[in-house]
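J.: Sharing model03.cif here; it has mmCIF, C-alpha atoms.
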```
data_coords
#
loop_
_atom_site.label_atom_id
_atom_site.label_comp_id
_atom_site.auth_asym_id
_atom_site.auth_seq_id
_atom_site.Cartn_x
_atom_site.Cartn_y
_atom_site.Cartn_z
CA MET A 193 158.81 122.83 -25.85
CA THR A 194 158.87 122.02 -29.55
CA PRO A 195 155.31 121.39 -30.81
CA LYS A 196 154.45 117.93 -32.08
CA THR A 197 151.02 118.55 -33.63
CA PHE A 198 149.63 121.40 -35.72
CA LYS A 199 146.48 122.81 -37.26
CA ILE A 200 146.34 125.24 -40.17
CA LYS A 201 143.22 127.32 -40.71
CA SER A 202 143.17 129.06 -44.09
CA PHE A 203 140.78 131.88 -44.98
CA GLY A 204 140.06 133.62 -48.28
CA CYS A 205 141.25 132.76 -51.76
CA GLN A 206 142.42 129.53 -53.37
CA MET A 207 146.01 130.70 -53.10
CA ASN A 208 145.66 130.74 -49.33
CA VAL A 209 144.40 127.15 -49.53
CA TYR A 210 147.48 126.25 -51.58
CA ASP A 211 149.77 128.08 -49.13
CA GLY A 212 148.11 126.24 -46.24
CA GLU A 213 148.78 122.90 -47.91
CA ARG A 214 152.42 123.80 -48.46
CA MET A 215 152.85 124.94 -44.85
CA ALA A 216 151.41 121.61 -43.71
CA GLU A 217 153.94 119.81 -45.89
CA LEU A 218 156.77 121.91 -44.45
CA LEU A 219 155.75 121.14 -40.88
CA GLY A 220 155.21 117.47 -41.69
CA ALA A 221 158.73 117.27 -43.11
CA THR A 222 160.08 118.25 -39.66
CA GLY A 223 158.30 115.33 -37.98
CA MET A 224 155.18 117.18 -36.82
CA SER A 225 151.76 115.69 -37.54
CA ALA A 226 148.37 117.24 -38.18
CA ALA A 227 146.11 117.16 -35.11
CA SER A 228 142.98 115.06 -35.42
CA ASP A 229 139.59 116.75 -35.63
CA GLY A 230 138.44 117.77 -32.17
CA ASP A 231 141.91 117.53 -30.67
CA ASP A 232 143.94 120.48 -29.45
CA ALA A 233 147.07 121.20 -31.43
CA ASP A 234 150.43 122.32 -30.08
CA LEU A 235 150.71 124.83 -32.94
CA VAL A 236 147.89 126.70 -34.71
CA VAL A 237 148.60 128.66 -37.90
CA LEU A 238 145.98 131.22 -38.90
CA ASN A 239 146.50 131.78 -42.62
CA THR A 240 144.64 135.06 -43.06
CA CYS A 241 143.09 137.10 -45.86
CA HIS A 242 143.20 140.91 -46.00
CA ILE A 243 141.05 141.58 -49.03
CA ARG A 244 137.94 142.63 -47.10
CA GLU A 245 137.25 145.35 -44.54
CA LYS A 246 137.86 144.46 -40.90
CA ALA A 247 139.94 141.40 -41.86
CA ALA A 248 142.58 142.30 -39.29
CA GLU A 249 139.96 142.59 -36.54
CA LYS A 250 138.57 139.17 -37.46
CA ALA A 251 142.09 137.72 -37.35
CA TYR A 252 142.67 139.01 -33.82
CA SER A 253 139.27 137.69 -32.77
CA ASP A 254 140.27 134.27 -34.10
CA VAL A 255 143.50 134.50 -32.12
CA GLY A 256 141.58 135.28 -28.93
CA ARG A 257 139.39 132.21 -29.32
CA LEU A 258 142.46 129.97 -29.16
CA ARG A 259 142.95 130.62 -25.44
CA ARG A 260 141.84 127.50 -23.57
CA GLU A 261 139.55 127.39 -20.54
CA ASP A 262 142.47 126.69 -18.22
CA GLY A 263 144.26 129.81 -19.49
CA SER A 264 146.80 127.92 -21.59
CA LYS A 265 147.15 128.27 -25.34
CA PRO A 266 148.87 126.65 -28.29
CA LEU A 267 151.80 128.23 -30.07
CA ILE A 268 150.08 130.71 -32.42
CA ALA A 269 151.37 131.79 -35.82
CA LEU A 270 149.66 134.62 -37.69
CA ALA A 271 150.31 134.02 -41.39
CA GLY A 272 149.04 135.31 -44.71
CA CYS A 273 148.12 138.77 -45.89
CA VAL A 274 146.99 140.20 -42.54
CA ALA A 275 150.39 139.20 -41.14
CA GLN A 276 152.08 140.94 -44.08
CA ALA A 277 150.03 144.10 -43.61
CA GLU A 278 150.34 144.25 -39.83
CA GLY A 279 153.95 143.08 -39.38
CA ALA A 280 155.40 143.62 -35.90
CA GLU A 281 152.28 145.59 -34.93
CA ALA A 282 150.45 142.24 -34.72
CA LYS A 283 152.46 141.22 -31.65
CA ARG A 284 151.79 144.55 -30.00
CA ARG A 285 148.06 144.18 -30.62
CA SER A 286 147.89 140.63 -29.25
CA ALA A 287 150.29 139.13 -26.74
CA LEU A 288 148.92 135.69 -27.69
CA ILE A 289 150.65 135.76 -31.09
CA ASP A 290 154.02 134.03 -31.07
CA ILE A 291 154.95 134.15 -34.78
CA VAL A 292 154.15 136.59 -37.58
CA VAL A 293 154.97 135.35 -41.09
CA GLY A 294 153.97 136.86 -44.43
CA PRO A 295 152.92 134.96 -47.57
CA GLN A 296 156.34 135.34 -49.21
CA ALA A 297 158.22 134.04 -46.16
CA TYR A 298 156.25 131.00 -45.01
CA HIS A 299 158.98 128.66 -46.25
CA ARG A 300 160.80 129.73 -43.07
CA LEU A 301 157.91 128.60 -40.84
CA PRO A 302 159.74 125.57 -39.34
CA GLU A 303 162.67 127.80 -38.33
CA LEU A 304 160.30 130.37 -36.84
CA VAL A 305 158.50 127.64 -34.88
CA THR A 306 161.83 126.49 -33.44
CA GLU A 307 162.67 130.07 -32.42
CA ALA A 308 159.25 130.58 -30.84
CA SER A 309 159.44 127.31 -28.90
CA ARG A 310 162.61 128.69 -27.31
CA GLY A 311 160.85 131.84 -26.14
CA ALA A 312 161.38 134.21 -29.07
CA ARG A 313 158.50 135.96 -30.88
CA PRO A 314 159.82 136.13 -34.47
CA VAL A 315 158.46 138.26 -37.31
CA ASP A 316 159.26 137.63 -40.97
CA THR A 317 157.45 139.68 -43.58
CA ASP A 318 160.30 139.95 -46.06
CA MET A 319 159.41 139.80 -49.74
CA PRO A 320 162.61 138.40 -51.28
CA ALA A 321 163.31 138.48 -54.99
CA ILE A 322 164.24 134.78 -54.88
CA SER A 323 161.14 132.62 -54.95
CA LYS A 324 160.17 130.80 -51.76
CA PHE A 325 159.19 127.79 -53.83
CA ASP A 326 162.78 126.56 -54.03
CA ALA A 327 162.65 125.87 -50.27
CA LEU A 328 159.40 123.89 -50.32
CA PRO A 329 159.35 120.06 -50.18
CA ASP A 330 158.25 117.93 -53.10
CA ARG A 331 154.54 117.17 -53.36
CA ARG A 332 153.67 113.61 -52.29
CA ARG A 333 149.90 113.46 -51.77
CA ALA A 334 147.15 115.35 -53.55
CA ASN A 335 143.39 115.68 -53.61
CA PRO A 336 141.51 114.71 -56.80
CA SER A 337 141.49 118.43 -57.67
CA ALA A 338 144.77 120.06 -56.64
CA PHE A 339 145.92 123.69 -56.61
CA LEU A 340 149.26 124.65 -58.14
CA THR A 341 150.53 128.22 -57.78
CA VAL A 342 152.34 129.36 -60.93
CA GLN A 343 152.35 133.13 -60.41
CA GLU A 344 152.14 135.52 -57.47
CA GLY A 345 151.76 139.24 -56.96
CA CYS A 346 150.24 141.96 -59.07
CA ASP A 347 151.50 144.99 -61.00
CA LYS A 348 148.06 146.32 -61.95
CA PHE A 349 147.51 148.55 -58.86
CA CYS A 350 143.73 148.71 -58.98
CA THR A 351 142.82 151.57 -56.67
CA TYR A 352 140.77 149.37 -54.30
CA CYS A 353 143.19 146.45 -53.98
CA VAL A 354 145.85 145.57 -51.37
CA VAL A 355 147.37 142.64 -53.27
CA PRO A 356 150.38 144.58 -54.65
CA TYR A 357 151.23 145.55 -51.07
CA THR A 358 150.67 142.18 -49.40
CA ARG A 359 151.82 139.81 -52.17
CA GLY A 360 154.31 142.04 -53.95
CA ALA A 361 155.12 142.52 -57.62
CA GLU A 362 154.22 139.95 -60.25
CA ILE A 363 156.59 137.01 -60.28
CA SER A 364 156.30 133.86 -62.38
CA ARG A 365 157.63 130.49 -61.32
CA PRO A 366 159.96 128.76 -63.80
CA TRP A 367 158.47 126.46 -66.40
CA SER A 368 160.40 123.38 -65.27
CA ASP A 369 159.45 123.83 -61.61
CA ILE A 370 155.76 124.02 -62.46
CA VAL A 371 155.81 120.98 -64.73
CA HIS A 372 157.74 119.02 -62.09
CA GLU A 373 155.19 119.91 -59.40
CA ALA A 374 152.30 119.08 -61.74
CA GLU A 375 153.81 115.64 -62.39
CA ALA A 376 154.24 115.11 -58.64
CA LEU A 377 150.63 116.08 -57.99
CA VAL A 378 149.39 113.58 -60.58
CA ASP A 379 151.64 110.89 -59.10
CA GLY A 380 150.13 111.79 -55.71
CA GLY A 381 146.55 111.27 -56.86
CA ALA A 382 145.46 114.50 -58.58
CA ARG A 383 143.28 114.11 -61.64
CA GLU A 384 142.61 117.82 -62.03
CA ILE A 385 145.08 120.66 -61.59
CA VAL A 386 144.00 124.24 -60.99
CA LEU A 387 146.73 126.72 -61.90
CA LEU A 388 146.71 129.68 -59.51
CA GLY A 389 147.91 133.25 -59.56
CA GLN A 390 146.75 136.70 -58.55
CA ASN A 391 146.96 137.36 -62.31
CA VAL A 392 147.48 133.80 -63.49
CA ASN A 393 147.28 134.63 -67.18
CA ALA A 394 150.18 137.08 -66.76
CA TRP A 395 152.47 134.06 -66.20
CA LYS A 396 155.54 134.12 -68.44
CA ASP A 397 158.81 132.25 -68.79
CA GLY A 398 160.78 133.99 -71.49
CA ARG A 399 158.55 134.12 -74.55
CA ARG A 400 156.31 131.35 -73.30
CA GLY A 401 152.97 132.25 -71.76
CA LEU A 402 150.18 130.45 -69.95
CA ALA A 403 148.80 128.89 -73.14
CA GLU A 404 152.09 127.09 -73.80
CA LEU A 405 152.29 125.98 -70.17
CA ILE A 406 148.78 124.53 -70.31
CA ARG A 407 149.63 122.61 -73.48
CA ALA A 408 152.71 121.14 -71.79
CA ILE A 409 150.88 120.11 -68.62
CA ALA A 410 148.15 118.52 -70.74
CA GLU A 411 150.75 115.98 -71.92
CA ILE A 412 151.12 114.50 -68.41
CA ASP A 413 149.78 110.94 -68.34
CA GLY A 414 147.02 110.47 -65.79
CA LEU A 415 145.98 114.12 -65.72
CA GLN A 416 142.39 114.49 -66.85
CA ARG A 417 141.52 118.14 -66.31
CA ILE A 418 143.12 121.60 -66.20
CA ARG A 419 141.69 124.88 -64.91
CA TYR A 420 143.21 128.25 -64.05
CA THR A 421 142.25 131.27 -61.95
CA THR A 422 142.20 134.26 -61.47
CA SER A 423 142.61 135.96 -64.83
CA HIS A 424 142.87 139.64 -65.69
CA PRO A 425 141.09 140.81 -68.87
CA ALA A 426 144.21 142.69 -70.00
CA ASP A 427 146.22 139.44 -70.11
CA MET A 428 143.65 137.31 -71.93
CA THR A 429 145.69 136.64 -75.08
CA ASP A 430 144.47 135.15 -78.34
CA GLU A 431 146.85 132.22 -77.72
CA LEU A 432 145.20 131.46 -74.40
CA ILE A 433 141.74 131.72 -75.93
CA ALA A 434 142.84 129.33 -78.70
CA ALA A 435 143.98 126.82 -76.07
CA HIS A 436 140.36 126.52 -74.95
CA ALA A 437 139.49 125.33 -78.44
CA ASP A 438 142.48 123.01 -78.88
CA VAL A 439 143.25 121.43 -75.49
CA ASP A 440 140.65 118.83 -74.54
CA LYS A 441 141.83 118.70 -70.92
CA LEU A 442 141.30 122.44 -70.45
CA MET A 443 137.84 122.70 -68.94
CA PRO A 444 135.13 124.96 -70.45
CA TYR A 445 135.20 127.43 -67.57
CA LEU A 446 136.69 130.90 -67.25
CA HIS A 447 136.74 133.24 -64.27
CA LEU A 448 137.30 136.71 -65.72
CA PRO A 449 136.54 139.59 -63.31
CA VAL A 450 135.12 142.77 -64.80
CA GLN A 451 134.25 144.51 -61.46
CA SER A 452 131.84 147.07 -62.96
CA GLY A 453 129.74 147.64 -66.07
CA SER A 454 130.53 151.37 -66.10
CA ASN A 455 133.55 152.66 -67.99
CA ARG A 456 133.66 155.68 -65.70
CA ILE A 457 133.97 153.46 -62.63
CA LEU A 458 136.43 151.12 -64.35
CA LYS A 459 138.68 154.12 -65.02
CA ALA A 460 138.41 155.22 -61.38
CA MET A 461 139.32 151.68 -60.35
CA ASN A 462 142.39 151.82 -62.62
CA ARG A 463 141.18 148.77 -64.48
CA SER A 464 142.93 148.64 -67.84
CA HIS A 465 139.93 147.28 -69.76
CA THR A 466 136.70 148.90 -70.82
CA VAL A 467 133.26 147.34 -71.07
CA GLU A 468 133.75 147.13 -74.84
CA THR A 469 137.13 145.38 -74.72
CA TYR A 470 135.86 143.01 -72.04
CA LEU A 471 132.83 142.02 -74.10
CA LEU A 472 135.07 141.53 -77.15
CA THR A 473 137.16 139.07 -75.15
CA ILE A 474 133.99 137.23 -74.12
CA GLU A 475 132.91 137.11 -77.77
CA LYS A 476 136.26 135.59 -78.79
CA MET A 477 136.07 133.06 -75.98
CA ARG A 478 132.61 131.90 -76.99
CA ALA A 479 133.72 131.60 -80.60
CA ALA A 480 136.54 129.33 -79.45
CA ARG A 481 134.47 127.31 -76.98
CA ALA A 482 130.72 127.63 -77.41
CA ASP A 483 129.86 125.85 -74.15
CA ILE A 484 132.16 127.98 -71.96
CA ALA A 485 130.85 128.74 -68.46
CA LEU A 486 131.77 132.30 -67.52
CA SER A 487 132.35 133.60 -64.02
CA GLY A 488 133.21 137.07 -62.78
CA ASP A 489 133.76 139.43 -59.85
CA PHE A 490 131.80 142.58 -59.11
CA ILE A 491 132.21 145.44 -56.64
CA VAL A 492 129.20 147.61 -55.85
CA GLY A 493 129.36 150.95 -54.09
CA PHE A 494 132.78 151.99 -55.33
CA PRO A 495 133.37 155.68 -54.48
CA GLY A 496 131.36 157.87 -56.83
CA GLU A 497 129.19 155.05 -58.21
CA THR A 498 125.83 156.45 -59.28
CA GLU A 499 122.60 154.55 -59.83
CA GLU A 500 123.28 154.87 -63.56
CA ASP A 501 126.69 153.25 -63.10
CA PHE A 502 125.10 150.43 -61.13
CA LEU A 503 122.43 149.86 -63.78
CA ALA A 504 125.27 149.52 -66.31
CA THR A 505 126.63 146.70 -64.15
CA LEU A 506 123.26 144.95 -64.25
CA ARG A 507 123.28 145.31 -68.04
CA ILE A 508 126.66 143.60 -68.42
CA VAL A 509 125.46 140.78 -66.17
CA ASP A 510 122.51 140.29 -68.50
CA GLU A 511 124.64 140.55 -71.64
CA VAL A 512 127.23 138.00 -70.52
CA GLY A 513 124.84 135.65 -68.71
CA TYR A 514 127.30 134.46 -66.07
CA ALA A 515 127.17 130.86 -64.94
CA SER A 516 128.39 132.12 -61.57
CA ALA A 517 129.86 135.27 -60.11
CA TYR A 518 131.20 136.73 -56.88
CA SER A 519 129.93 140.11 -55.75
CA PHE A 520 130.96 142.33 -52.88
CA LYS A 521 130.33 145.71 -51.33
CA TYR A 522 133.29 148.05 -51.70
CA SER A 523 135.60 147.84 -48.69
CA PRO A 524 138.06 150.68 -48.11
CA ARG A 525 141.49 149.17 -47.58
CA PRO A 526 144.07 151.26 -45.69
CA GLY A 527 146.83 152.50 -47.97
CA THR A 528 144.87 152.16 -51.21
CA PRO A 529 143.96 155.25 -53.27
CA ALA A 530 140.23 154.49 -53.24
CA ALA A 531 140.11 154.64 -49.44
CA THR A 532 140.64 158.42 -49.55
CA MET A 533 138.47 159.16 -52.57
CA GLU A 534 135.54 161.54 -52.24
CA ASP A 535 131.93 160.44 -52.64
CA GLN A 536 132.14 157.30 -50.50
CA ILE A 537 128.82 155.49 -50.87
CA GLN A 538 126.47 155.09 -47.92
CA ARG A 539 126.23 151.60 -46.45
CA GLU A 540 122.47 151.26 -46.99
CA ILE A 541 122.86 152.13 -50.69
CA MET A 542 125.58 149.50 -51.06
CA ASP A 543 123.40 146.94 -49.27
CA ASP A 544 120.51 147.61 -51.64
CA ARG A 545 122.67 147.43 -54.75
CA LEU A 546 124.36 144.22 -53.63
CA GLN A 547 121.02 142.53 -53.06
CA ARG A 548 119.78 143.57 -56.49
CA LEU A 549 122.99 142.47 -58.18
CA GLN A 550 123.07 139.11 -56.44
CA ALA A 551 119.45 138.46 -57.35
CA ARG A 552 120.27 139.10 -61.02
CA ILE A 553 123.40 136.91 -60.88
CA ASN A 554 121.42 134.12 -59.19
CA ASP A 555 118.82 134.24 -61.96
CA HIS A 556 121.49 133.69 -64.59
CA GLN A 557 123.23 130.99 -62.55
CA LEU A 558 119.98 129.06 -62.19
CA ALA A 559 119.26 129.46 -65.90
CA PHE A 560 122.71 128.15 -66.79
CA ASN A 561 122.37 125.15 -64.48
CA ARG A 562 118.93 124.30 -65.84
CA SER A 563 120.25 124.56 -69.39
CA LYS A 564 122.45 121.54 -68.63
CA VAL A 565 119.57 119.32 -67.51
CA GLY A 566 119.34 116.44 -69.97
CA CYS A 567 123.03 116.68 -70.88
CA GLU A 568 125.38 113.76 -70.50
CA THR A 569 128.79 114.70 -69.19
CA GLN A 570 131.63 113.52 -66.97
CA VAL A 571 131.94 114.23 -63.27
CA LEU A 572 135.17 114.13 -61.27
CA ILE A 573 134.23 112.59 -57.92
CA GLU A 574 135.68 114.55 -55.00
CA ARG A 575 133.98 113.47 -51.76
CA LYS A 576 131.09 111.67 -50.10
CA GLY A 577 127.64 113.23 -50.02
CA ARG A 578 125.22 113.35 -47.11
CA GLN A 579 123.13 110.40 -48.29
CA ASP A 580 124.21 106.75 -48.26
CA GLY A 581 125.84 105.89 -51.59
CA GLN A 582 125.86 109.53 -52.67
CA MET A 583 129.03 111.17 -53.95
CA ILE A 584 129.74 114.76 -54.94
CA GLY A 585 131.86 115.83 -57.86
CA ARG A 586 132.38 118.61 -60.38
CA SER A 587 131.14 118.90 -63.93
CA PRO A 588 133.40 120.37 -66.63
CA TRP A 589 131.57 123.69 -65.98
CA LEU A 590 132.55 123.56 -62.26
CA GLN A 591 129.03 122.78 -61.08
CA SER A 592 128.63 120.65 -57.97
CA ILE A 593 126.93 117.39 -58.98
CA HIS A 594 125.30 114.89 -56.59
CA VAL A 595 125.21 111.33 -57.92
CA GLU A 596 124.66 107.85 -56.53
CA THR A 597 127.72 105.83 -57.50
CA ALA A 598 130.22 103.31 -56.22
CA ALA A 599 133.04 105.43 -57.66
CA ARG A 600 135.61 106.78 -55.23
CA PRO A 601 137.23 110.22 -55.02
CA GLY A 602 139.50 110.75 -58.00
CA GLU A 603 137.43 108.68 -60.40
CA ILE A 604 135.56 110.18 -63.34
CA VAL A 605 132.09 108.88 -64.08
CA ASP A 606 129.67 109.37 -66.96
CA VAL A 607 126.57 111.16 -65.69
CA ALA A 608 123.24 112.30 -67.09
CA ILE A 609 122.18 115.55 -65.43
CA VAL A 610 118.57 115.22 -64.29
CA ALA A 611 117.97 118.31 -62.13
CA GLY A 612 119.45 121.76 -61.74
CA GLY A 613 119.13 124.06 -58.75
CA PRO A 614 120.73 127.43 -58.01
CA ASN A 615 123.81 125.97 -56.32
CA SER A 616 124.03 122.29 -57.21
CA MET A 617 122.89 119.67 -59.68
CA ALA A 618 121.66 116.09 -59.54
CA GLY A 619 122.90 113.40 -61.88
CA VAL A 620 122.41 109.72 -62.63
CA GLU A 621 125.40 107.58 -63.44
CA ARG A 622 125.39 106.23 -66.99
CA ARG A 623 126.90 102.76 -66.72
CA LYS A 624 128.47 101.29 -69.81
CA PRO A 625 126.77 98.08 -71.00
CA VAL A 626 128.52 94.85 -70.09
CA LEU A 627 128.62 92.14 -72.73
CA ASN A 628 127.15 88.82 -71.60
CA PHE A 629 129.37 86.33 -73.39
CA VAL A 630 127.11 83.37 -72.57
CA GLU A 631 124.09 84.95 -74.17
CA GLY A 632 126.09 87.03 -76.63
CA VAL A 633 124.07 90.12 -75.79
CA ALA A 634 124.64 93.28 -73.85
CA ALA A 635 123.48 93.09 -70.24
#
```
Using structure tokens, write down the structure that the file contains.
T.:
Amino acid sequence: MTPKTFKIKSFGCQMNVYDGERMAELLGATGMSAASDGDDADLVVLNTCHIREKAAEKAYSDVGRLRREDGSKPLIALAGCVAQAEGAEAKRRSALIDIVVGPQAYHRLPELVTEASRGARPVDTDMPAISKFDALPDRRRANPSAFLTVQEGCDKFCTYCVVPYTRGAEISRPWSDIVHEAEALVDGGAREIVLLGQNVNAWKDGRRGLAELIRAIAEIDGLQRIRYTTSHPADMTDELIAAHADVDKLMPYLHLPVQSGSNRILKAMNRSHTVETYLLTIEKMRAARADIALSGDFIVGFPGETEEDFLATLRIVDEVGYASAYSFKYSPRPGTPAATMEDQIQREIMDDRLQRLQARINDHQLAFNRSKVGCETQVLIERKGRQDGQMIGRSPWLQSIHVETAARPGEIVDVAIVAGGPNSMAGVERRKPVLNFVEGVAA
């Protein structure tokens, strides 16, 4: 029987969130509808992430939980990077899985659902040279902050990373397609667009790079904010840095992963930057935009990492003063060079280093948030808060701000920041004075 309702559960990065949204649009275009919260769906798509250790095991555990008490189950599609890595093996490991579809083939999901509803168990993990985006429907509705994938894949081949194997080589979407989708997102309600890519600042269309694309998108009427993620230090051009100084709609926030503060470990990771070149890029960025909020990624316990190497990572955290950062213990990924390296670090050492690193990052994040107390800024309202009359939005620096306001999602309000915690901020709406024409004074 052809399914009539669906649920999509996305795990991992922002690109998976984007892919989940596009899969929902594809299924909706066939006449299917999203199942209401609490209701069983005829089709469940698990849009998986493979970046961490044991991701495949977690995916199969999620599949197992979809079996109902009466022994029945929905049609189950395993999508995303675990699907790409596992391929046909996924069906052998779990008889519950009906469809396996990789991240470069999900535009075929409606066809695969039709095949599966007729008793087949299709697998599609092709990585075609022609972009899947040509087969996706036009965007019609959007959240106040909307993701837009402009680039996929990676050619950097960091020794710990599976992305080149699960997402393929770097490919950039055409300029006109991106601008068209950005316009559609704004027409659909987006006030902020977040440009996505595994190496988003490697985007190119001929001689034009990400800086030129940002300048073009900034011309769209109704668009208030632009962000982009995730960037590679090697592709952080002077033109892109200059855009942060020149384009008012480009928010003062940059996620620029360094991974380690040790040049020896960076070389072992096959990262193309050094600590010195990374810090030079940060210096240029701060010269262009003094109030920039910097974010990063760190891996602790990479094979061969000594205590001295780890202390170098703590030093770069202190030198940069990150507004936020993501940190992880090294996870050996099958098929990557680092998985077979000597001197794998003991789990308890990694645990200790991660705790120390996160404590240092949290100190800097709290300091950054508190530095904004007393500032007046604008907040893009995204959703309701837990308290009556409370709404939650994002500052230009990507902080979560709680504020009492009558504004609705998608509106931008003037806010005075009155408190700063480690993970969120409190603000008070600054209402513009209203002229009392009877009295002739401001009320």
J.: Care to translate the PyMOL selection byres ((chain A and resi 441) around 9) into actual residues of this file, as a PyMOL selection string?
T.: chain A and resi 384+410+415-419+436+439-440+442-443
J.: Would you mind listing what lies within 6 Å of stretch 198-213 of chain A as a list in words, with all atoms listed in the file counted and same-chain residues fewer than 2 positions away left out?
T.: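 Final neighbour list, sorted by chain and number: Met215, Ala216, Ala226, Ala227, Ala233, Asp234, Leu235, Val236, Val237, Leu238, Asn239, Thr240, Cys241 and Phe339 of chain A.
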J.: The PyMOL selection byres ((chain A and resi 221-225) around 6) - which residues does that actually catch in the file I just gave you? List them as number ranges by chain.
T.: A: 196-197, 218-220, 226
J.: Could you work out how far atom CA of A:Val450 lies from atom CA of A:Ser487, giving the answer in Å with one decimal?
T.: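 Straight-line distance from atom CA of A:Ser487 to atom CA of A:Val450 works out to 9.6 Å.
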J.: Return the single residue from A:Pro336, A:Gly256, A:Pro295, A:Gly496 that is closest to A:Gly272, with distances computed using only C-alpha atoms.
T.: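 Under the stated criterion, the closest residue is A:Pro295.
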J.: Quick one: apply the PyMOL selection byres ((chain A and resi 535) around 6) to the file and drop the selected residues here as a list in words.
T.: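 On the file shown, the PyMOL selection byres ((chain A and resi 535) around 6) covers Pro495, Gly496, Glu534 and Gln536 of chain A.
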J.: Store the residues of this selection in a file with C-alpha atoms, as a short mmCIF file (atom, residue, chain, number, x, y, z; two decimals), in the coordinates of the input.
T.:
```
data_model
loop_
_atom_site.label_atom_id
_atom_site.label_comp_id
_atom_site.auth_asym_id
_atom_site.auth_seq_id
_atom_site.Cartn_x
_atom_site.Cartn_y
_atom_site.Cartn_z
CA PRO A 495 133.37 155.68 -54.48
CA GLY A 496 131.36 157.87 -56.83
CA GLU A 534 135.54 161.54 -52.24
CA GLN A 536 132.14 157.30 -50.50
#
```
J.: Skipping near chain neighbours, those fewer than 4 positions away, what residues fall within 8 Å of A:Asp347 using only C-alpha atoms, listed as an MDAnalysis selection string?
T.: chainID A and resid 356 361:362
J.: Please compute the atom CA of A:Cys273-atom CA of A:Val386 distance, one decimal, in Å.
T.: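 Value for the atom CA of A:Cys273-atom CA of A:Val386 distance: 21.4 Å.
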J.: So, with only C-alpha atoms as the atoms that count, which of A:Ala460, A:Ala437, A:Ala382, A:Leu471 lies closest to A:Leu572?
T.: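 Once distances to A:Leu572 are computed over only C-alpha atoms, the minimum belongs to A:Ala382.
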J.: Pick out the closest residue to A:Val292 from this set: A:Arg562, A:Ala275, A:Arg548, A:Thr306. Count all atoms listed in the file.
T.: A:Ala275
J.: Give the answer as one residue: which of A:Ile433, A:Ala297, A:Leu503, A:Ala599 has the shortest atom-to-atom distance to A:Asp326, using all atoms listed in the file?
T.: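 When distances to A:Asp326 are compared using all atoms listed in the file, the smallest one comes from A:Ala297.
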J.: Between A:Thr466, A:Ala504, A:His447, A:Asn455, which has the minimum distance to A:Asp489 (counting all atoms listed in the file)?
T.: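 Smallest distance to A:Asp489 is found for A:His447.
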